[in-house]
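Raw contents of entry.cif, mmCIF, C-alpha atoms:
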```cif
data_entry
#
loop_
_atom_site.label_atom_id
_atom_site.label_comp_id
_atom_site.auth_asym_id
_atom_site.auth_seq_id
_atom_site.Cartn_x
_atom_site.Cartn_y
_atom_site.Cartn_z
CA MET A 1 -178.31 15.57 -118.61
CA THR A 2 -181.74 14.60 -119.82
CA LYS A 3 -184.42 17.15 -120.64
CA ALA A 4 -186.46 15.95 -117.66
CA GLY A 5 -183.47 16.47 -115.32
CA ALA A 6 -182.90 19.96 -116.64
CA LEU A 7 -186.58 20.80 -116.23
CA LEU A 8 -186.51 19.48 -112.65
CA ILE A 9 -183.54 21.72 -111.81
CA ILE A 10 -185.34 24.74 -113.30
CA TYR A 11 -188.51 23.84 -111.38
CA GLU A 12 -186.57 23.52 -108.10
CA TYR A 13 -184.85 26.84 -108.77
CA LEU A 14 -188.15 28.59 -109.44
CA PHE A 15 -190.34 26.96 -106.81
CA GLY A 16 -187.85 25.99 -104.12
CA GLY A 17 -187.83 22.30 -104.90
CA GLY A 18 -190.99 21.71 -102.89
CA ALA A 19 -188.98 21.59 -99.64
CA GLU A 20 -191.45 22.67 -96.98
CA VAL A 21 -190.27 24.96 -94.25
CA ALA A 22 -191.32 24.86 -90.61
CA THR A 23 -194.17 26.93 -89.29
CA ILE A 24 -192.64 29.23 -86.70
CA CYS A 25 -194.86 30.13 -83.77
CA SER A 26 -194.16 32.06 -80.57
CA VAL A 27 -195.77 31.27 -77.24
CA ILE A 28 -196.04 34.65 -75.61
CA ASN A 29 -197.75 36.61 -72.89
CA GLN A 30 -196.26 39.71 -71.34
CA LYS A 31 -197.83 38.68 -68.07
CA GLY A 32 -195.74 36.17 -66.12
CA GLY A 33 -196.91 32.92 -64.54
CA VAL A 34 -199.46 31.96 -67.17
CA ALA A 35 -197.79 28.62 -68.03
CA LYS A 36 -196.01 29.75 -71.20
CA THR A 37 -193.13 27.32 -70.69
CA THR A 38 -195.37 24.47 -69.53
CA THR A 39 -197.59 24.96 -72.58
CA SER A 40 -194.60 25.17 -74.95
CA LEU A 41 -193.00 22.01 -73.55
CA ASN A 42 -196.12 19.88 -73.43
CA VAL A 43 -197.55 20.98 -76.77
CA ALA A 44 -194.16 20.48 -78.46
CA SER A 45 -193.80 17.08 -76.85
CA SER A 46 -197.32 16.05 -77.85
CA TRP A 47 -196.60 17.07 -81.44
CA ALA A 48 -193.35 15.09 -81.34
CA LYS A 49 -195.28 12.07 -80.05
CA GLN A 50 -197.59 12.41 -83.05
CA GLY A 51 -194.50 12.08 -85.29
CA LYS A 52 -193.84 15.74 -86.02
CA ARG A 53 -190.29 17.13 -86.19
CA ILE A 54 -190.20 19.89 -83.60
CA LEU A 55 -187.62 22.44 -82.46
CA LEU A 56 -188.22 24.37 -79.25
CA ILE A 57 -186.26 27.60 -78.86
CA ASP A 58 -185.91 28.87 -75.32
CA LEU A 59 -185.65 32.65 -75.58
CA ASP A 60 -186.17 33.42 -71.91
CA PRO A 61 -183.06 34.44 -69.90
CA GLN A 62 -184.53 32.52 -66.95
CA SER A 63 -184.06 29.37 -69.08
CA SER A 64 -187.09 27.65 -67.57
CA ALA A 65 -187.71 25.47 -70.63
CA THR A 66 -184.02 24.50 -70.82
CA LYS A 67 -184.00 23.56 -67.12
CA ALA A 68 -187.28 21.67 -67.38
CA VAL A 69 -185.85 19.54 -70.19
CA PHE A 70 -182.19 19.16 -69.20
CA GLY A 71 -182.13 19.92 -65.46
CA ASP A 72 -178.95 21.65 -64.31
CA GLN A 73 -176.93 20.54 -67.33
CA GLU A 74 -174.80 23.39 -68.72
CA PHE A 75 -174.10 24.04 -72.37
CA GLU A 76 -171.01 25.51 -73.96
CA THR A 77 -173.07 27.35 -76.56
CA THR A 78 -176.66 28.52 -76.35
CA ILE A 79 -179.09 30.66 -78.33
CA TYR A 80 -177.19 33.65 -76.87
CA ASP A 81 -174.11 32.67 -78.94
CA VAL A 82 -176.28 32.34 -82.04
CA ILE A 83 -177.68 35.83 -81.55
CA VAL A 84 -174.55 37.63 -80.38
CA ASN A 85 -171.45 35.57 -81.22
CA GLN A 86 -172.18 34.37 -84.75
CA ALA A 87 -172.48 30.72 -83.66
CA LYS A 88 -174.37 28.46 -86.06
CA ILE A 89 -177.77 27.39 -84.77
CA GLU A 90 -177.08 23.79 -85.90
CA ASP A 91 -174.17 23.66 -83.41
CA VAL A 92 -176.36 24.78 -80.52
CA ILE A 93 -179.36 22.48 -80.97
CA GLN A 94 -179.62 19.66 -78.39
CA PRO A 95 -181.87 16.64 -78.83
CA SER A 96 -184.06 15.54 -75.91
CA ALA A 97 -184.90 11.86 -75.68
CA ASN A 98 -187.45 12.38 -72.89
CA PHE A 99 -189.43 15.03 -74.74
CA GLY A 100 -188.84 13.81 -78.30
CA PHE A 101 -187.93 17.20 -79.77
CA ASP A 102 -184.83 19.33 -80.29
CA VAL A 103 -184.06 22.29 -78.06
CA CYS A 104 -182.10 25.50 -78.49
CA PRO A 105 -181.08 26.13 -74.88
CA ALA A 106 -181.00 29.55 -73.24
CA GLU A 107 -178.81 31.12 -70.59
CA ILE A 108 -178.93 34.17 -68.30
CA MET A 109 -176.59 36.09 -70.64
CA LEU A 110 -179.65 36.68 -72.85
CA SER A 111 -180.75 39.37 -70.41
CA GLY A 112 -177.93 41.66 -71.61
CA VAL A 113 -178.57 41.23 -75.33
CA ASP A 114 -180.56 44.46 -75.65
CA MET A 115 -177.55 46.55 -74.69
CA GLN A 116 -175.08 44.51 -76.74
CA LEU A 117 -177.11 44.81 -79.91
CA ALA A 118 -178.44 48.34 -79.44
CA ALA A 119 -176.49 49.67 -82.44
CA HIS A 120 -176.57 46.49 -84.53
CA PHE A 121 -177.84 46.84 -88.11
CA GLY A 122 -180.91 44.63 -88.56
CA ARG A 123 -180.98 43.73 -84.85
CA GLU A 124 -184.70 42.92 -84.89
CA GLN A 125 -184.37 40.13 -87.48
CA ILE A 126 -181.28 38.24 -86.31
CA LEU A 127 -183.23 35.15 -85.18
CA LYS A 128 -185.27 35.09 -88.40
CA ARG A 129 -182.07 35.03 -90.49
CA LYS A 130 -180.43 32.41 -88.27
CA LEU A 131 -183.43 30.07 -88.55
CA GLU A 132 -183.57 30.10 -92.32
CA PRO A 133 -180.94 27.36 -92.94
CA ILE A 134 -182.62 24.86 -90.58
CA SER A 135 -186.31 25.60 -91.07
CA HIS A 136 -186.72 22.84 -93.68
CA LYS A 137 -185.55 20.24 -91.13
CA TYR A 138 -188.59 20.74 -88.90
CA ASP A 139 -192.35 20.68 -89.24
CA SER A 140 -192.75 23.32 -86.58
CA ILE A 141 -190.51 25.62 -84.56
CA LEU A 142 -191.93 26.81 -81.25
CA ILE A 143 -190.40 29.80 -79.46
CA ASP A 144 -190.85 30.10 -75.70
CA CYS A 145 -190.69 33.86 -75.10
CA SER A 146 -189.70 35.89 -72.09
CA PRO A 147 -192.52 37.84 -70.40
CA SER A 148 -190.60 41.10 -70.76
CA LEU A 149 -190.78 43.17 -73.90
CA GLY A 150 -187.25 43.47 -75.24
CA LEU A 151 -185.17 42.83 -78.31
CA MET A 152 -185.40 39.04 -77.92
CA THR A 153 -189.20 39.16 -77.86
CA ILE A 154 -189.16 41.38 -80.95
CA ASN A 155 -186.82 38.88 -82.64
CA ALA A 156 -189.18 36.03 -81.74
CA LEU A 157 -192.18 37.86 -83.16
CA MET A 158 -190.35 38.94 -86.32
CA ALA A 159 -189.37 35.30 -86.92
CA SER A 160 -192.88 33.98 -86.27
CA LYS A 161 -195.82 33.53 -88.58
CA ASP A 162 -198.21 33.63 -85.66
CA ILE A 163 -198.45 33.48 -81.88
CA ILE A 164 -200.20 31.43 -79.22
CA ILE A 165 -201.26 33.31 -76.08
CA PRO A 166 -201.59 31.21 -72.93
CA ILE A 167 -203.67 32.87 -70.21
CA CYS A 168 -204.88 32.03 -66.74
CA PRO A 169 -208.45 33.29 -66.82
CA GLU A 170 -208.18 36.27 -64.48
CA TYR A 171 -208.43 40.05 -64.78
CA PHE A 172 -204.69 40.70 -65.24
CA SER A 173 -204.50 38.21 -68.10
CA LEU A 174 -206.90 40.39 -70.04
CA LYS A 175 -204.48 43.27 -69.54
CA GLY A 176 -201.71 40.95 -70.79
CA ILE A 177 -203.67 40.32 -73.99
CA GLU A 178 -204.05 44.06 -74.51
CA LEU A 179 -200.28 44.48 -74.16
CA ILE A 180 -199.58 41.77 -76.72
CA LEU A 181 -202.06 43.11 -79.24
CA ASN A 182 -200.50 46.53 -78.77
CA THR A 183 -197.03 45.06 -79.36
CA LEU A 184 -198.21 43.32 -82.54
CA GLN A 185 -199.67 46.61 -83.78
CA ASN A 186 -196.40 48.43 -83.01
CA ILE A 187 -194.46 45.79 -84.95
CA ARG A 188 -196.76 46.25 -87.91
CA VAL A 189 -196.46 50.03 -87.83
CA GLY A 190 -192.78 50.36 -86.99
CA LEU A 191 -191.22 47.29 -88.55
CA GLY A 192 -193.67 46.55 -91.35
CA TYR A 193 -194.34 42.93 -90.35
CA LYS A 194 -197.73 41.43 -89.60
CA VAL A 195 -197.93 38.68 -87.01
CA SER A 196 -201.29 36.99 -86.52
CA VAL A 197 -202.75 35.44 -83.38
CA ARG A 198 -203.34 31.70 -83.81
CA GLY A 199 -205.39 31.59 -80.63
CA VAL A 200 -205.63 31.77 -76.87
CA VAL A 201 -204.94 28.78 -74.64
CA ILE A 202 -206.65 28.66 -71.26
CA THR A 203 -204.31 27.29 -68.60
CA ARG A 204 -204.81 26.51 -64.91
CA PHE A 205 -208.52 26.26 -65.56
CA ARG A 206 -210.91 25.98 -62.63
CA ASP A 207 -214.62 25.60 -63.13
CA ARG A 208 -215.74 28.91 -61.64
CA ARG A 209 -218.26 31.44 -62.90
CA ILE A 210 -215.74 34.31 -62.96
CA VAL A 211 -213.36 32.18 -65.04
CA LYS A 212 -216.06 31.55 -67.63
CA ASP A 213 -216.87 35.27 -67.69
CA VAL A 214 -213.22 36.11 -68.42
CA ILE A 215 -213.07 33.55 -71.24
CA GLN A 216 -216.24 34.99 -72.76
CA GLN A 217 -214.71 38.47 -72.52
CA VAL A 218 -211.60 37.31 -74.43
CA LYS A 219 -213.85 36.08 -77.23
CA ASP A 220 -216.13 39.12 -77.31
CA LYS A 221 -213.79 42.03 -76.60
CA TYR A 222 -210.68 40.95 -78.50
CA ASP A 223 -212.32 38.77 -81.14
CA LEU A 224 -209.68 36.07 -80.59
CA HIS A 225 -210.05 32.34 -81.08
CA VAL A 226 -210.05 30.51 -77.74
CA TYR A 227 -209.12 26.83 -77.95
CA SER A 228 -211.76 24.51 -76.59
CA ASN A 229 -209.32 22.27 -74.69
CA TYR A 230 -208.72 24.08 -71.40
CA ILE A 231 -205.69 22.95 -69.37
CA PRO A 232 -206.84 22.16 -65.83
CA ASP A 233 -204.95 23.19 -62.72
CA ASN A 234 -203.30 19.84 -62.03
CA ILE A 235 -200.39 18.79 -59.81
CA ALA A 236 -199.20 16.28 -62.43
CA VAL A 237 -197.81 19.19 -64.48
CA GLU A 238 -195.53 20.33 -61.68
CA GLU A 239 -194.46 16.77 -60.90
CA ALA A 240 -193.56 16.26 -64.55
CA HIS A 241 -191.29 19.34 -64.46
CA HIS A 242 -189.46 17.88 -61.47
CA ARG A 243 -188.86 14.62 -63.30
CA HIS A 244 -187.84 16.41 -66.53
CA GLN A 245 -190.59 14.71 -68.47
CA PRO A 246 -193.61 15.82 -70.44
CA VAL A 247 -196.84 15.35 -68.54
CA HIS A 248 -198.09 12.72 -71.02
CA SER A 249 -195.10 10.51 -70.07
CA HIS A 250 -195.18 11.20 -66.35
CA ALA A 251 -198.93 10.87 -65.79
CA PRO A 252 -200.59 9.83 -69.05
CA ARG A 253 -204.00 9.40 -67.45
CA SER A 254 -204.02 12.76 -65.71
CA ALA A 255 -206.51 15.38 -66.84
CA ALA A 256 -203.64 17.73 -67.76
CA ALA A 257 -201.91 15.14 -69.97
CA GLN A 258 -205.09 14.39 -71.84
CA ALA A 259 -205.91 18.07 -72.19
CA TYR A 260 -202.45 18.85 -73.58
CA MET A 261 -202.64 15.97 -76.09
CA SER A 262 -206.05 17.17 -77.32
CA LEU A 263 -204.87 20.79 -77.34
CA ALA A 264 -201.81 19.84 -79.41
CA SER A 265 -204.08 18.33 -82.08
CA GLU A 266 -206.30 21.41 -81.96
CA LEU A 267 -203.28 23.73 -82.25
CA TRP A 268 -201.70 21.97 -85.22
CA VAL A 269 -202.21 23.85 -88.47
CA MET B 1 -195.38 64.02 -82.20
CA THR B 2 -195.93 60.89 -80.11
CA LYS B 3 -193.11 59.08 -78.33
CA SER B 4 -191.31 56.44 -80.34
CA ASN B 5 -190.08 53.19 -78.78
CA PRO B 6 -186.69 52.34 -80.37
CA LEU B 7 -187.63 48.65 -80.26
CA PHE B 8 -190.14 49.35 -83.01
CA VAL B 9 -187.86 51.34 -85.29
CA ASP B 10 -186.43 49.55 -88.32
CA SER B 11 -182.66 49.53 -87.74
CA THR B 12 -181.99 48.85 -91.42
CA LYS B 13 -183.30 52.28 -92.43
CA VAL B 14 -181.97 55.71 -91.67
CA ARG B 15 -184.18 58.71 -91.13
CA GLY B 16 -185.30 59.98 -94.52
CA ASP B 17 -185.02 56.67 -96.43
CA LEU B 18 -187.98 56.14 -98.73
CA ILE B 19 -190.38 53.47 -97.45
CA GLY B 20 -193.77 52.17 -98.58
CA THR B 21 -196.43 53.02 -96.02
CA GLN B 22 -199.82 51.33 -95.81
CA ILE B 23 -202.51 53.79 -94.75
CA GLU B 24 -205.72 52.24 -93.46
CA LEU B 25 -208.99 53.89 -92.54
CA ARG B 26 -211.52 51.90 -90.54
CA ASN B 27 -215.24 52.32 -89.88
CA CYS B 28 -215.86 54.39 -92.98
CA GLN B 29 -218.64 53.90 -95.50
CA ILE B 30 -219.05 55.57 -98.89
CA PHE B 31 -221.65 55.30 -101.65
CA ASP B 32 -220.89 54.05 -105.15
CA ASP B 33 -220.59 57.54 -106.67
CA GLU B 34 -218.27 58.80 -103.91
CA GLN B 35 -214.51 58.51 -103.65
CA LEU B 36 -212.24 58.44 -100.63
CA PHE B 37 -208.83 60.12 -100.71
CA VAL B 38 -206.00 60.60 -98.25
CA LEU B 39 -204.03 63.82 -98.36
CA VAL B 40 -200.50 63.39 -96.96
CA THR B 41 -198.25 66.38 -96.38
CA SER B 42 -194.54 65.79 -95.78
CA THR B 43 -192.16 67.88 -93.67
CA GLN B 44 -191.06 69.65 -96.85
CA GLY B 45 -194.65 70.72 -97.44
CA MET B 46 -195.26 68.38 -100.38
CA THR B 47 -198.86 67.16 -100.46
CA THR B 48 -199.90 63.98 -102.21
CA ARG B 49 -203.49 63.01 -102.80
CA THR B 50 -204.08 59.28 -103.13
CA GLN B 51 -207.34 57.48 -103.73
CA MET B 52 -208.09 54.77 -101.18
CA LYS B 53 -209.31 51.32 -102.18
CA VAL B 54 -211.66 48.98 -100.36
CA LEU B 55 -209.72 46.70 -98.03
CA ASP B 56 -212.48 45.04 -96.06
CA TYR B 57 -215.99 45.76 -94.87
CA ARG B 58 -215.96 49.50 -93.99
CA SER B 59 -212.14 49.58 -94.27
CA PHE B 60 -210.04 51.29 -96.92
CA GLU B 61 -206.36 51.27 -97.78
CA ALA B 62 -203.83 53.26 -99.75
CA ARG B 63 -200.10 52.83 -100.24
CA VAL B 64 -197.86 55.88 -100.28
CA HIS B 65 -194.12 56.45 -100.24
CA LEU B 66 -192.82 58.44 -97.30
CA SER B 67 -189.46 59.38 -95.80
CA HIS B 68 -188.77 57.07 -92.86
CA GLN B 69 -189.27 58.57 -89.40
CA THR B 70 -190.06 62.05 -90.70
CA HIS B 71 -193.11 63.95 -89.54
CA VAL B 72 -196.16 63.84 -91.81
CA THR B 73 -199.68 65.16 -91.52
CA PHE B 74 -202.62 63.49 -93.16
CA GLN B 75 -206.33 63.94 -93.68
CA PHE B 76 -209.08 61.75 -95.14
CA VAL B 77 -211.54 63.23 -97.61
CA ILE B 78 -214.76 61.87 -99.15
CA GLU B 79 -215.52 63.51 -102.50
CA LYS B 80 -218.33 63.42 -105.01
CA ASP B 81 -217.89 65.01 -108.46
CA GLY B 82 -214.75 66.83 -107.25
CA LYS B 83 -216.49 68.38 -104.26
CA ILE B 84 -215.75 67.52 -100.67
CA LEU B 85 -218.62 65.94 -98.79
CA TRP B 86 -216.80 64.95 -95.62
CA LEU B 87 -213.30 65.21 -94.26
CA SER B 88 -211.43 64.25 -91.12
CA ALA B 89 -209.34 66.45 -88.89
CA VAL B 90 -205.66 66.84 -89.80
CA ALA B 91 -203.70 64.20 -87.90
CA SER B 92 -199.96 63.81 -87.62
CA ALA B 93 -197.66 60.82 -87.39
CA ARG B 94 -194.11 59.63 -87.76
CA ALA B 95 -193.64 58.06 -91.19
CA GLN B 96 -193.43 54.31 -90.60
CA TYR B 97 -194.73 51.22 -92.35
CA ALA B 98 -198.39 51.58 -91.43
CA ILE B 99 -200.82 54.27 -90.34
CA VAL B 100 -204.16 52.98 -89.07
CA GLU B 101 -206.94 55.43 -88.25
CA GLU B 102 -210.63 55.39 -87.39
CA TRP B 103 -212.97 57.55 -89.50
CA GLU B 104 -214.14 60.66 -87.64
CA PRO B 105 -215.64 63.25 -89.97
CA LEU B 106 -215.53 66.99 -89.32
CA THR B 107 -218.46 69.27 -90.01
CA ASP B 108 -216.44 72.49 -90.00
CA GLU B 109 -217.20 74.45 -93.22
CA VAL B 110 -213.99 76.50 -93.00
CA ALA B 111 -211.90 73.34 -92.89
CA ILE B 112 -213.84 71.90 -95.85
CA ALA B 113 -213.21 75.07 -97.88
CA ALA B 114 -209.48 74.94 -97.04
CA ALA B 115 -209.26 71.30 -98.08
CA GLN B 116 -211.24 72.03 -101.25
CA SER B 117 -208.56 74.54 -102.32
CA LEU B 118 -205.90 71.92 -101.62
CA ILE B 119 -207.50 69.22 -103.75
CA ASN B 120 -207.89 71.64 -106.65
CA LYS B 121 -204.09 71.87 -106.89
CA PRO B 122 -202.27 69.46 -109.22
CA LEU B 123 -201.15 66.24 -107.58
CA ASN B 124 -197.74 66.18 -105.91
CA SER B 125 -197.57 69.96 -106.01
CA LEU B 126 -195.13 71.69 -103.70
CA ASP B 127 -196.54 73.93 -101.08
CA PRO B 128 -195.01 77.39 -101.76
CA ARG B 129 -193.33 77.72 -98.41
CA PRO B 130 -190.59 80.35 -97.92
CA GLU B 131 -187.11 78.86 -98.29
CA ASP B 132 -185.15 78.39 -95.14
CA ASP B 133 -181.69 79.99 -94.80
CA GLY B 134 -179.79 76.81 -95.68
CA VAL B 135 -181.66 76.24 -98.95
CA ALA B 136 -181.27 79.91 -99.96
CA TRP B 137 -177.53 79.80 -99.21
CA ALA B 138 -177.06 76.61 -101.27
CA ARG B 139 -178.96 78.09 -104.22
CA GLU B 140 -176.94 81.34 -104.07
CA SER B 141 -173.63 79.49 -103.81
CA SER B 142 -174.39 77.29 -106.78
CA MET B 143 -175.25 80.39 -108.84
CA ASN B 144 -171.95 82.00 -107.81
CA VAL B 145 -170.03 78.90 -108.87
CA ARG B 146 -171.88 78.87 -112.21
CA ALA B 147 -171.07 82.59 -112.71
CA LEU B 148 -167.36 81.97 -112.03
CA MET B 149 -167.29 78.96 -114.39
CA ASP B 150 -168.94 81.04 -117.13
CA LYS B 151 -166.49 83.90 -116.51
CA TRP B 152 -163.42 81.64 -116.71
CA GLY B 153 -164.78 79.61 -119.61
CA LEU B 154 -164.65 76.31 -117.74
#
```

Could you show the structure in this file as structure tokens?
Amino acid sequence: MTKAGALLIIYEYLFGGGAEVATICSVINQKGGVAKTTTSLNVASSWAKQGKRILLIDLDPQSSATKAVFGDQEFETTIYDVIVNQAKIEDVIQPSANFGFDVCPAEIMLSGVDMQLAAHFGREQILKRKLEPISHKYDSILIDCSPSLGLMTINALMASKDIIIPICPEYFSLKGIELILNTLQNIRVGLGYKVSVRGVVITRFRDRRIVKDVIQQVKDKYDLHVYSNYIPDNIAVEEAHHRHQPVHSHAPRSAAAQAYMSLASELWV
Amino acid sequence: MTKSNPLFVDSTKVRGDLIGTQIELRNCQIFDDEQLFVLVTSTQGMTTRTQMKVLDYRSFEARVHLSHQTHVTFQFVIEKDGKILWLSAVASARAQYAIVEEWEPLTDEVAIAAAQSLINKPLNSLDPRPEDDGVAWARESSMNVRALMDKWGL
């Protein structure tokens, strides 16, 4: 071996060989119906269209993201098997030609995970450990979280560098933000891990005065970054779900498609 | 003590394991010749006095080692030339990875005098609490064993 080769091996050992790992981000809001899944799918798909390598992990027992991508197709192994049954995450990942990214599908069994893992050592960091071997294969890993606060949501947050909070601009969404910030604080205090907020995405936007007031309140009261590309309330989004396509493929000229493409660029860090 | 959600308890630690805890005090301002300390008293009555460093604008931090999930009390003190200028009320918490508090000074002179006597003690000094029955029994038993070993020449 040459001196240069030996030095390269030492450098790779010390500095990880320069292999970049994916940025892991959770899309979360403890309030339901704020377009978490829609935002996850369309942002991930827009990133994929821009040439990024993306993995979407569906961590919601309702499996909305899985169904939106694959319809009623059933999978022998899902993220549940990765978390509970020691399955390898590589064996669970499914590519989606329509959306252009890889998916870790979910199933209803995820709803019982809290009880199954109640006495498990290191139960709050299972997902983080399982993602380590594949994180260099992607530019970004997006986790679509369940609205309920349980062990899977804690796992998502413990695996994530930061979070994106989608909100419909209404009074209860502000309460949802308070719940999330409280959860992040509890994770910092109890589990010693700091998760930051990348920003707030406004979904189902309608040009009303009250809506603008709520957005201003998010900025002022919680000191959070609100992305400037608001996602309009648009039927094309729902139609795209029915056709198992991202909105930019189904209706590329729709206001929602254009907003999601612009938002994806704004969200990329 | 406040309720504790098991979702936010580190499952890799058992109660009593030593952990590093970040203590933060917000909305506090001190002058150049003043110092800010945090006094932390453990369940065993051991008090540590740690100087806090500037973290951010009007925020201070200190790192202490505590026994996981045990009950601790803590108090923030602003001193100048060894004398207490301001102090906060005694607060309590479960020992976890972070304690974040807002600065709320007391003006009670009795409390300041009590804290003054505490800071005059050497650091890490044990509070002379009476031994509980278990500790006394263990100490007595060990002395009996030593006496028997001495008697039998072991």

**Message:** Tell me as an MDAnalysis selection string which residues belonging to chain B come within 8 Å of chain A, counting all atoms listed in the file.
**Reply:** chainID B and resid 7:12 96:99

**Message:** I'd like the contact shell of Trp86 (chain B) - 10 Å cut-off, only C-alpha atoms, skipping same-chain residues fewer than 6 positions apart - returned as a list in words.
**Reply:**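 Neighbouring residues, sequence-local ones excluded: Leu36, Phe76, Val77, Ile78, Glu79, Lys80, Glu104, Pro105, Leu106, Thr107, Asp108, Glu109 and Ile112 of chain B.
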
**Item:** Residue contacts of region 18-23 of chain B (8 Å, all atoms listed in the file) excluding same-chain residues fewer than 6 positions away, as a ChimeraX atom specification
**Value:** /B:61-68,95-100

**Item:** Non-local contacts of Ala115 (chain B) (12 Å; all atoms listed in the file; under 4 positions in same chain excluded) as an MDAnalysis selection string
**Value:** chainID B and resid 37:40 47 49 74:79 82:90 106 108:111 119:121

**Request:** Could you give me, as a ChimeraX atom specification, the residues that sit within 9 Å of (-174.8, 31.6, -76.3) in the file's coordinates, counting all atoms listed in the file?
**Result:** /A:75-85,87,92,105-107,109-110

**Prompt:** If you measure from CA of Ala256 (chain A) to CA of Ala236 (chain A), what distance in Å do you get, rounded to one decimal?
**Reply:** 7.1 Å

**Request:** Evaluate the PyMOL selection byres ((chain A and resi 140) around 9) and record the selected residues as a ChimeraX atom specification, following the chain and residue labels used in the document.
**Result:** /A:21-25,44,47,52-56,135,138-139,141-142

Can you list what the PyMOL selection byres ((chain A and resi 267) around 9) grabs from this structure, as an mmCIF file with C-alpha atoms, in the frame of the given file?
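Output file part-v9.cif follows:
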```
data_model
loop_
_atom_site.group_PDB
_atom_site.id
_atom_site.type_symbol
_atom_site.label_atom_id
_atom_site.label_comp_id
_atom_site.auth_asym_id
_atom_site.auth_seq_id
_atom_site.Cartn_x
_atom_site.Cartn_y
_atom_site.Cartn_z
ATOM 1 C CA VAL A 43 -197.550 20.980 -76.770
ATOM 2 C CA ILE A 164 -200.200 31.430 -79.220
ATOM 3 C CA ARG A 198 -203.340 31.700 -83.810
ATOM 4 C CA GLY A 199 -205.390 31.590 -80.630
ATOM 5 C CA TYR A 227 -209.120 26.830 -77.950
ATOM 6 C CA SER A 262 -206.050 17.170 -77.320
ATOM 7 C CA LEU A 263 -204.870 20.790 -77.340
ATOM 8 C CA ALA A 264 -201.810 19.840 -79.410
ATOM 9 C CA SER A 265 -204.080 18.330 -82.080
ATOM 10 C CA GLU A 266 -206.300 21.410 -81.960
ATOM 11 C CA TRP A 268 -201.700 21.970 -85.220
ATOM 12 C CA VAL A 269 -202.210 23.850 -88.470
#
```

**Message:** I need the residue nearest Ser148 (chain A) from this list: A:Leu179, A:Val226, A:Ala97, A:Val200. Use all atoms listed in the file for the distance.
**Reply:**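 Looking at the shortest contact to Ser148 (chain A), the residue is A:Leu179.
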
**Request:** Using CA of Ser4 (chain B) and CA of Glu178 (chain A) as the two end points, give the distance in Å to one decimal.
**Result:** 18.7 Å

**Request:** For CA of Tyr230 (chain A) and CA of Thr37 (chain A), determine how far apart the two atoms are, in Å to one decimal place.
**Result:**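 It comes out at 15.9 Å.
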
**Message:** Which residues, named as in the file, does the PyMOL selection byres ((chain B and resi 60) around 10) pick out? Answer as a list of chain:residue names.
**Reply:** B:Ile23, B:Glu24, B:Leu25, B:Arg26, B:Asn27, B:Cys28, B:Gln29, B:Leu36, B:Phe37, B:Gln51, B:Met52, B:Lys53, B:Val54, B:Leu55, B:Asp56, B:Tyr57, B:Arg58, B:Ser59, B:Glu61, B:Ala62, B:Val100

Atom completion result for region 78-88 of chain B (N, CA and C atoms) as a PDB file, keeping the file's coordinate frame:
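Here's the written file part08.pdb:
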```pdb
ATOM      1  N   ILE B  78    -213.780  62.547 -98.272  1.00  0.00           N
ATOM      2  CA  ILE B  78    -214.760  61.870 -99.150  1.00  0.00           C
ATOM      3  C   ILE B  78    -215.255  62.901-100.154  1.00  0.00           C
ATOM      4  N   GLU B  79    -215.138  62.570-101.436  1.00  0.00           N
ATOM      5  CA  GLU B  79    -215.520  63.510-102.500  1.00  0.00           C
ATOM      6  C   GLU B  79    -216.605  62.920-103.398  1.00  0.00           C
ATOM      7  N   LYS B  80    -217.368  63.846-103.990  1.00  0.00           N
ATOM      8  CA  LYS B  80    -218.330  63.420-105.010  1.00  0.00           C
ATOM      9  C   LYS B  80    -218.277  64.491-106.102  1.00  0.00           C
ATOM     10  N   ASP B  81    -218.014  64.093-107.317  1.00  0.00           N
ATOM     11  CA  ASP B  81    -217.890  65.010-108.460  1.00  0.00           C
ATOM     12  C   ASP B  81    -216.907  66.149-108.167  1.00  0.00           C
ATOM     13  N   GLY B  82    -215.796  65.829-107.514  1.00  0.00           N
ATOM     14  CA  GLY B  82    -214.750  66.830-107.250  1.00  0.00           C
ATOM     15  C   GLY B  82    -215.043  67.742-106.070  1.00  0.00           C
ATOM     16  N   LYS B  83    -216.151  67.544-105.419  1.00  0.00           N
ATOM     17  CA  LYS B  83    -216.490  68.380-104.260  1.00  0.00           C
ATOM     18  C   LYS B  83    -216.408  67.562-102.971  1.00  0.00           C
ATOM     19  N   ILE B  84    -215.914  68.218-101.942  1.00  0.00           N
ATOM     20  CA  ILE B  84    -215.750  67.520-100.670  1.00  0.00           C
ATOM     21  C   ILE B  84    -217.096  67.393 -99.959  1.00  0.00           C
ATOM     22  N   LEU B  85    -217.410  66.176 -99.576  1.00  0.00           N
ATOM     23  CA  LEU B  85    -218.620  65.940 -98.790  1.00  0.00           C
ATOM     24  C   LEU B  85    -218.278  65.893 -97.297  1.00  0.00           C
ATOM     25  N   TRP B  86    -217.239  65.121 -97.009  1.00  0.00           N
ATOM     26  CA  TRP B  86    -216.800  64.950 -95.620  1.00  0.00           C
ATOM     27  C   TRP B  86    -215.285  64.951 -95.575  1.00  0.00           C
ATOM     28  N   LEU B  87    -214.737  65.370 -94.456  1.00  0.00           N
ATOM     29  CA  LEU B  87    -213.300  65.210 -94.260  1.00  0.00           C
ATOM     30  C   LEU B  87    -212.997  65.046 -92.786  1.00  0.00           C
ATOM     31  N   SER B  88    -211.833  64.476 -92.516  1.00  0.00           N
ATOM     32  CA  SER B  88    -211.430  64.250 -91.120  1.00  0.00           C
ATOM     33  C   SER B  88    -210.541  65.401 -90.682  1.00  0.00           C
TER      34      SER B  88
END
```
